[in-house]
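What follows is input_8.pdb (PDB, C-alpha atoms and all ligand atoms).
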```pdb
MODEL        1
ATOM      1  CA  MET A   1      -6.239  -5.655  -4.767
ATOM      2  CA  ALA A   2      -6.031  -5.062  -0.999
ATOM      3  CA  VAL A   3      -6.786  -8.683  -0.162
ATOM      4  CA  LEU A   4      -4.142  -9.870  -2.641
ATOM      5  CA  TYR A   5      -1.568  -7.745  -0.805
ATOM      6  CA  LEU A   6      -2.735  -9.224   2.503
ATOM      7  CA  VAL A   7      -2.218 -12.772   1.201
ATOM      8  CA  LEU A   8       1.264 -11.822  -0.060
ATOM      9  CA  GLY A   9       2.109 -10.029   3.205
ATOM     10  CA  ILE A  10       1.046 -12.998   5.331
ATOM     11  CA  CYS A  11       3.021 -15.385   3.071
ATOM     12  CA  VAL A  12       6.144 -13.253   3.567
ATOM     13  CA  GLY A  13       5.502 -13.277   7.336
ATOM     14  CA  LEU A  14       5.146 -17.073   7.368
ATOM     15  CA  PHE A  15       8.282 -17.387   5.203
ATOM     16  CA  MET A  16      10.234 -15.210   7.669
ATOM     17  CA  SER A  17       9.012 -17.275  10.599
ATOM     18  CA  MET A  18       9.898 -20.575   8.915
ATOM     19  CA  THR A  19      13.364 -19.537   7.716
ATOM     20  CA  LEU A  20      14.186 -16.962  10.418
ATOM     21  CA  GLN A  21      15.220 -14.583   7.621
ATOM     22  CA  LEU A  22      13.913 -11.573   9.534
ATOM     23  CA  ASN A  23      15.603  -9.115   7.163
ATOM     24  CA  TRP A  24      12.401  -9.202   5.028
ATOM     25  CA  GLY A  25      10.471  -7.606   7.920
ATOM     26  CA  SER A  26      10.329  -4.152   6.363
ATOM     27  CA  ALA A  27       8.993  -5.524   3.044
ATOM     28  CA  HIS A  28       6.501  -7.684   4.968
ATOM     29  CA  ALA A  29       5.290  -4.704   7.012
ATOM     30  CA  HIS A  30       4.964  -2.459   3.935
ATOM     31  CA  VAL A  31       3.037  -5.048   1.898
ATOM     32  CA  ASN A  32       0.627  -5.469   4.819
ATOM     33  CA  LEU A  33       0.275  -1.820   5.780
ATOM     34  CA  VAL A  34       0.677   0.074   2.490
ATOM     35  CA  GLY A  35      -0.598  -2.752   0.273
ATOM     36  CA  PHE A  36      -3.451  -4.081   2.371
ATOM     37  CA  ALA A  37      -4.408  -1.617   5.109
ATOM     38  CA  THR A  38      -4.012   1.623   3.117
ATOM     39  CA  THR A  39      -5.611   0.270  -0.071
ATOM     40  CA  ALA A  40      -8.526  -1.233   1.874
ATOM     41  CA  LEU A  41      -9.078   2.015   3.782
ATOM     42  CA  PHE A  42      -9.187   4.063   0.560
ATOM     43  CA  GLY A  43     -11.650   1.486  -0.837
ATOM     44  CA  VAL A  44     -13.893   1.768   2.218
ATOM     45  CA  ILE A  45     -13.803   5.594   2.117
ATOM     46  CA  TYR A  46     -14.651   5.670  -1.605
ATOM     47  CA  THR A  47     -17.473   3.162  -0.995
ATOM     48  CA  ILE A  48     -18.980   5.422   1.678
ATOM     49  CA  TYR A  49     -18.477   8.512  -0.534
ATOM     50  CA  PRO A  50     -19.099   7.235  -4.096
ATOM     51  CA  GLN A  51     -19.263  10.779  -5.521
ATOM     52  CA  ALA A  52     -15.649  11.343  -4.443
ATOM     53  CA  ALA A  53     -14.619   8.125  -6.217
ATOM     54  CA  LYS A  54     -16.184   9.279  -9.490
ATOM     55  CA  THR A  55     -14.340  12.605  -9.673
ATOM     56  CA  LYS A  56     -11.208  13.093 -11.810
ATOM     57  CA  LEU A  57      -9.252  13.332  -8.543
ATOM     58  CA  GLY A  58     -10.624   9.953  -7.430
ATOM     59  CA  ILE A  59      -9.860   8.296 -10.776
ATOM     60  CA  TRP A  60      -6.328   9.735 -10.914
ATOM     61  CA  HIS A  61      -5.774   8.636  -7.303
ATOM     62  CA  PHE A  62      -6.920   5.106  -8.169
ATOM     63  CA  TRP A  63      -4.414   4.736 -11.016
ATOM     64  CA  LEU A  64      -1.503   6.448  -9.250
ATOM     65  CA  HIS A  65      -2.092   4.168  -6.250
ATOM     66  CA  HIS A  66      -2.371   0.932  -8.211
ATOM     67  CA  ILE A  67       0.649   1.715 -10.386
ATOM     68  CA  GLY A  68       2.786   3.335  -7.677
ATOM     69  CA  VAL A  69       2.219   0.903  -4.801
ATOM     70  CA  PRO A  70       3.347  -2.337  -6.543
ATOM     71  CA  VAL A  71       6.459  -0.562  -7.887
ATOM     72  CA  PHE A  72       7.205   0.844  -4.426
ATOM     73  CA  LEU A  73       6.625  -2.564  -2.765
ATOM     74  CA  LEU A  74       8.939  -4.222  -5.279
ATOM     75  CA  SER A  75      11.648  -1.827  -4.096
ATOM     76  CA  ALA A  76      11.019  -2.851  -0.474
ATOM     77  CA  PHE A  77      12.067  -6.396  -1.446
ATOM     78  CA  LEU A  78      14.882  -5.361  -3.817
ATOM     79  CA  VAL A  79      16.712  -3.354  -1.137
ATOM     80  CA  GLN A  80      17.363  -6.685   0.594
ATOM     81  CA  VAL A  81      19.025  -8.216  -2.483
ATOM     82  CA  PRO A  82      22.813  -7.704  -2.438
ATOM     83  CA  GLY A  83      23.998  -5.321  -5.170
ATOM     84  CA  MET A  84      20.465  -4.110  -6.016
ATOM     85  CA  LEU A  85      20.278  -1.033  -3.792
ATOM     86  CA  ASP A  86      20.672   1.539  -6.609
ATOM     87  CA  THR A  87      18.067  -0.209  -8.790
ATOM     88  CA  ALA A  88      15.770  -0.594  -5.794
ATOM     89  CA  HIS A  89      15.948   3.107  -5.108
ATOM     90  CA  ILE A  90      14.783   3.939  -8.658
ATOM     91  CA  PHE A  91      11.622   1.956  -7.878
ATOM     92  CA  THR A  92      11.359   3.489  -4.399
ATOM     93  CA  TYR A  93      11.318   7.041  -5.768
ATOM     94  CA  THR A  94       9.151   6.420  -8.865
ATOM     95  CA  GLY A  95       6.660   4.092  -7.157
ATOM     96  CA  GLY A  96       6.713   5.955  -3.866
ATOM     97  CA  GLY A  97       6.441   9.275  -5.731
ATOM     98  CA  ALA A  98       3.348   8.092  -7.635
ATOM     99  CA  PHE A  99       1.887   6.786  -4.354
ATOM    100  CA  LEU A 100       2.535  10.151  -2.664
ATOM    101  CA  LEU A 101       1.060  12.115  -5.582
ATOM    102  CA  GLY A 102      -2.061   9.935  -5.355
ATOM    103  CA  VAL A 103      -2.310  10.617  -1.622
ATOM    104  CA  ILE A 104      -2.049  14.396  -2.255
ATOM    105  CA  LEU A 105      -4.917  14.130  -4.788
ATOM    106  CA  PHE A 106      -6.873  12.088  -2.222
ATOM    107  CA  ILE A 107      -6.401  14.844   0.374
ATOM    108  CA  ILE A 108      -7.699  17.499  -2.069
ATOM    109  CA  ASN A 109     -10.586  15.162  -2.945
ATOM    110  CA  ALA A 110     -11.309  14.602   0.758
ATOM    111  CA  PHE A 111     -11.495  18.331   1.474
ATOM    112  CA  THR A 112     -13.664  19.070  -1.569
ATOM    113  CA  ASN A 113     -15.915  16.012  -2.022
ATOM    114  CA  ILE A 114     -16.050  14.095   1.259
ATOM    115  CA  ASN A 115     -18.962  15.651   3.108
ATOM    116  CA  GLU A 116     -22.461  14.828   4.368
ATOM    117  CA  ALA A 117     -24.100  15.658   1.030
ATOM    118  CA  ASN A 118     -22.035  12.984  -0.753
ATOM    119  CA  VAL A 119     -22.374  10.168   1.770
ATOM    120  CA  LEU A 120     -23.760   6.853   0.453
ATOM    121  CA  LYS A 121     -27.562   6.801   0.570
ATOM    122  CA  GLU A 122     -29.180   3.446   1.381
TER     123      GLU A 122
HETATM  124  C1  LIG B   1       0.489 -15.157   9.552
HETATM  125  C2  LIG B   1       0.649 -13.824   9.572
HETATM  126  C3  LIG B   1       1.946 -13.154   9.933
HETATM  127  C4  LIG B   1       3.175 -13.687  10.275
HETATM  128  C5  LIG B   1       3.593 -15.150  10.372
HETATM  129  C6  LIG B   1       4.065 -12.558  10.548
HETATM  130  C7  LIG B   1       5.404 -12.666  10.896
HETATM  131  C8  LIG B   1       6.232 -11.608  11.172
HETATM  132  C9  LIG B   1       7.653 -11.718  11.524
HETATM  133  C10 LIG B   1       8.426 -13.030  11.628
HETATM  134  C11 LIG B   1       8.127 -10.467  11.717
HETATM  135  C12 LIG B   1       9.573 -10.074  12.046
HETATM  136  C13 LIG B   1       9.723  -9.940  13.554
HETATM  137  C14 LIG B   1      11.148  -9.521  13.934
HETATM  138  O1  LIG B   1      11.894  -8.949  13.117
HETATM  139  O2  LIG B   1      11.529  -9.796  15.075
HETATM  140  C15 LIG B   1       7.034  -9.538  11.490
HETATM  141  C16 LIG B   1       7.120  -8.155  11.599
HETATM  142  C17 LIG B   1       6.085  -7.281  11.356
HETATM  143  N1  LIG B   1       4.822  -7.587  10.928
HETATM  144 FE1  LIG B   1       4.102  -9.462  10.619
HETATM  145  N2  LIG B   1       3.358 -11.388  10.364
HETATM  146  C18 LIG B   1       2.062 -11.693   9.996
HETATM  147  C19 LIG B   1       1.048 -10.792   9.689
HETATM  148  C20 LIG B   1       1.140  -9.403   9.743
HETATM  149  C21 LIG B   1       0.098  -8.469   9.409
HETATM  150  C22 LIG B   1      -1.314  -8.900   8.922
HETATM  151  C23 LIG B   1       0.597  -7.206   9.590
HETATM  152  C24 LIG B   1      -0.051  -5.853   9.375
HETATM  153  C25 LIG B   1      -1.277  -5.670   8.913
HETATM  154  C26 LIG B   1       1.963  -7.350  10.039
HETATM  155  C27 LIG B   1       2.797  -6.300  10.350
HETATM  156  C28 LIG B   1       4.100  -6.424  10.789
HETATM  157  C29 LIG B   1       4.955  -5.306  11.162
HETATM  158  C30 LIG B   1       4.559  -3.826  11.173
HETATM  159  C31 LIG B   1       6.200  -5.834  11.502
HETATM  160  C32 LIG B   1       7.443  -5.075  11.971
HETATM  161  C33 LIG B   1       8.400  -4.960  10.779
HETATM  162  C34 LIG B   1       9.757  -4.371  11.156
HETATM  163  O3  LIG B   1      10.071  -4.247  12.340
HETATM  164  O4  LIG B   1      10.538  -4.082  10.225
HETATM  165  N3  LIG B   1       2.262  -8.685  10.120
HETATM  166  N4  LIG B   1       5.900 -10.248  11.165
ENDMDL
END
```
Output the file's structure in the form of structure tokens.
Amino acid sequence: MAVLYLVLGICVGLFMSMTLQLNWGSAHAHVNLVGFATTALFGVIYTIYPQAAKTKLGIWHFWLHHIGVPVFLLSAFLVQVPGMLDTAHIFTYTGGGAFLLGVILFIINAFTNINEANVLKE
């Protein structure tokens, strides 16, 4: 999923450069940083600590992230469409809320299950 966001984010960046429509910069930055960088980092952390990924917290985080983030990112584009601000904000708060809830579960998971005993063994 992370690499798909990176491809989309780069495409938006190239589109902005070609058309000089720099108003999409916030959407571009969020697709790259929330979509790619954050998702990839969670993936790397769960790969290093597979026990944390298998917990209920890890599974709930996975689904909240992968449902919340695309909805939130959609809102980052919609806010740029004239007349769509109110609709965009529905997606911002539902998607962003799910994303935030997932991050809170990740933090609890990190404090309870990310430790030396659970690190990936070769
Ligand atoms: C071919 C790849 C890329 C192109 C062509 C591109 C292009 C752009 C352009 C045209 C802007 C707007 C600059 C302005 O408003 O003056 C921008 C902003 C930005 N880009 Fe990229 N970008 C690329 C890749 C990336 C990647 C991989 C990341 C992060 C992982 C990234 C993060 C950002 C950020 C944080 C901003 C600032 C957004 C803002 O000020 O609202 N970009 N990029």
Sorted by chain and rising residue number, which residues of chain A lie within 9 Å of ligand LIG 1 (chain B), and what are their closest atom pairs and distances in Å to one decimal, counting all atoms listed in the file, as JSON lines?
```
{"residue": "A:Leu6", "atom": "CA", "partner": "B:LIG1", "partner_atom": "C22", "distance": 6.6}
{"residue": "A:Val7", "atom": "CA", "partner": "B:LIG1", "partner_atom": "C22", "distance": 8.7}
{"residue": "A:Gly9", "atom": "CA", "partner": "B:LIG1", "partner_atom": "C19", "distance": 6.6}
{"residue": "A:Ile10", "atom": "CA", "partner": "B:LIG1", "partner_atom": "C2", "distance": 4.3}
{"residue": "A:Cys11", "atom": "CA", "partner": "B:LIG1", "partner_atom": "C1", "distance": 7.0}
{"residue": "A:Val12", "atom": "CA", "partner": "B:LIG1", "partner_atom": "C6", "distance": 7.3}
{"residue": "A:Gly13", "atom": "CA", "partner": "B:LIG1", "partner_atom": "C6", "distance": 3.6}
{"residue": "A:Leu14", "atom": "CA", "partner": "B:LIG1", "partner_atom": "C5", "distance": 3.9}
{"residue": "A:Phe15", "atom": "CA", "partner": "B:LIG1", "partner_atom": "C5", "distance": 7.3}
{"residue": "A:Met16", "atom": "CA", "partner": "B:LIG1", "partner_atom": "C10", "distance": 4.9}
{"residue": "A:Ser17", "atom": "CA", "partner": "B:LIG1", "partner_atom": "C10", "distance": 4.4}
{"residue": "A:Met18", "atom": "CA", "partner": "B:LIG1", "partner_atom": "C10", "distance": 8.2}
{"residue": "A:Leu20", "atom": "CA", "partner": "B:LIG1", "partner_atom": "C10", "distance": 7.1}
{"residue": "A:Gln21", "atom": "CA", "partner": "B:LIG1", "partner_atom": "C10", "distance": 8.0}
{"residue": "A:Leu22", "atom": "CA", "partner": "B:LIG1", "partner_atom": "O1", "distance": 4.9}
{"residue": "A:Asn23", "atom": "CA", "partner": "B:LIG1", "partner_atom": "O1", "distance": 7.0}
{"residue": "A:Trp24", "atom": "CA", "partner": "B:LIG1", "partner_atom": "O4", "distance": 7.5}
{"residue": "A:Gly25", "atom": "CA", "partner": "B:LIG1", "partner_atom": "O4", "distance": 4.2}
{"residue": "A:Ser26", "atom": "CA", "partner": "B:LIG1", "partner_atom": "O4", "distance": 3.9}
{"residue": "A:Ala27", "atom": "CA", "partner": "B:LIG1", "partner_atom": "O4", "distance": 7.5}
{"residue": "A:His28", "atom": "CA", "partner": "B:LIG1", "partner_atom": "N1", "distance": 6.2}
{"residue": "A:Ala29", "atom": "CA", "partner": "B:LIG1", "partner_atom": "C29", "distance": 4.2}
{"residue": "A:His30", "atom": "CA", "partner": "B:LIG1", "partner_atom": "C30", "distance": 7.4}
{"residue": "A:Val31", "atom": "CA", "partner": "B:LIG1", "partner_atom": "C24", "distance": 8.1}
{"residue": "A:Asn32", "atom": "CA", "partner": "B:LIG1", "partner_atom": "C25", "distance": 4.5}
{"residue": "A:Leu33", "atom": "CA", "partner": "B:LIG1", "partner_atom": "C25", "distance": 5.2}
{"residue": "A:Val34", "atom": "CA", "partner": "B:LIG1", "partner_atom": "C25", "distance": 8.8}
{"residue": "A:Phe36", "atom": "CA", "partner": "B:LIG1", "partner_atom": "C25", "distance": 7.1}
{"residue": "A:Ala37", "atom": "CA", "partner": "B:LIG1", "partner_atom": "C25", "distance": 6.4}
```
Query raised in the report: Skipping near chain neighbours, those fewer than 4 positions away, what residues fall within 12 Å of Gly35 (chain A) using all atoms listed in the file, listed as a ChimeraX atom specification?
Result: /A:1-10,27-31,39-43,65-74,76,99
Query raised in the report: Exactly which residues make up the result of the PyMOL selection byres (((chain A and resi 57) around 9) and not hetatm) on this file, given as a PyMOL selection string?
Result: chain A and resi 52-56+58-62+102+105-106+108-109
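Picked by the PyMOL selection byres (((chain A and resi 51) around 10) and not hetatm) from the coordinates shown: A:Tyr46, A:Thr47, A:Ile48, A:Tyr49, A:Pro50, A:Ala52, A:Ala53, A:Lys54, A:Thr55, A:Gly58, A:Asn113, A:Ile114, A:Asn115, A:Ala117, A:Asn118, A:Val119, A:Leu120.
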Query raised in the report: Hey, what's within 7 Å of Thr92 (chain A) if we count only C-alpha atoms and toss same-chain stuff fewer than 4 positions away? As a ChimeraX atom specification, please?
Result: /A:72,75,88,96
Query raised in the report: Hey, which of A:Val103, A:Ile90, A:Val79, A:Leu64 ends up closest to Thr38 (chain A)? Count all atoms listed in the file.
Result: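 Among the listed residues, A:Val103 lies closest to Thr38 (chain A).
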Please determine an axis-aligned box that encloses all atoms of region 94-111 of chain A listed in the file, with 5 Å added on each side, and express its centre and edge lengths in Å to one decimal as JSON.
```
{"center_x": -1.2, "center_y": 11.2, "center_z": -3.7, "size_x": 30.6, "size_y": 24.2, "size_z": 20.3}
```
Requested in this report: Calculate how many Å separate CA of Gly97 (chain A) from CA of Phe111 (chain A), rounding to one decimal.
Outcome: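 Here the two named atoms are 21.3 Å from each other.
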Requested in this report: Quote the spacing between CA of Gly95 (chain A) and CA of Phe77 (chain A) in Å to one decimal place.
Outcome: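 Distance between the two atoms: 13.1 Å.
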Report task. State, in Å with one decimal place, the distance from CA of Val44 (chain A) to CA of Ala98 (chain A). Result -> 20.8 Å
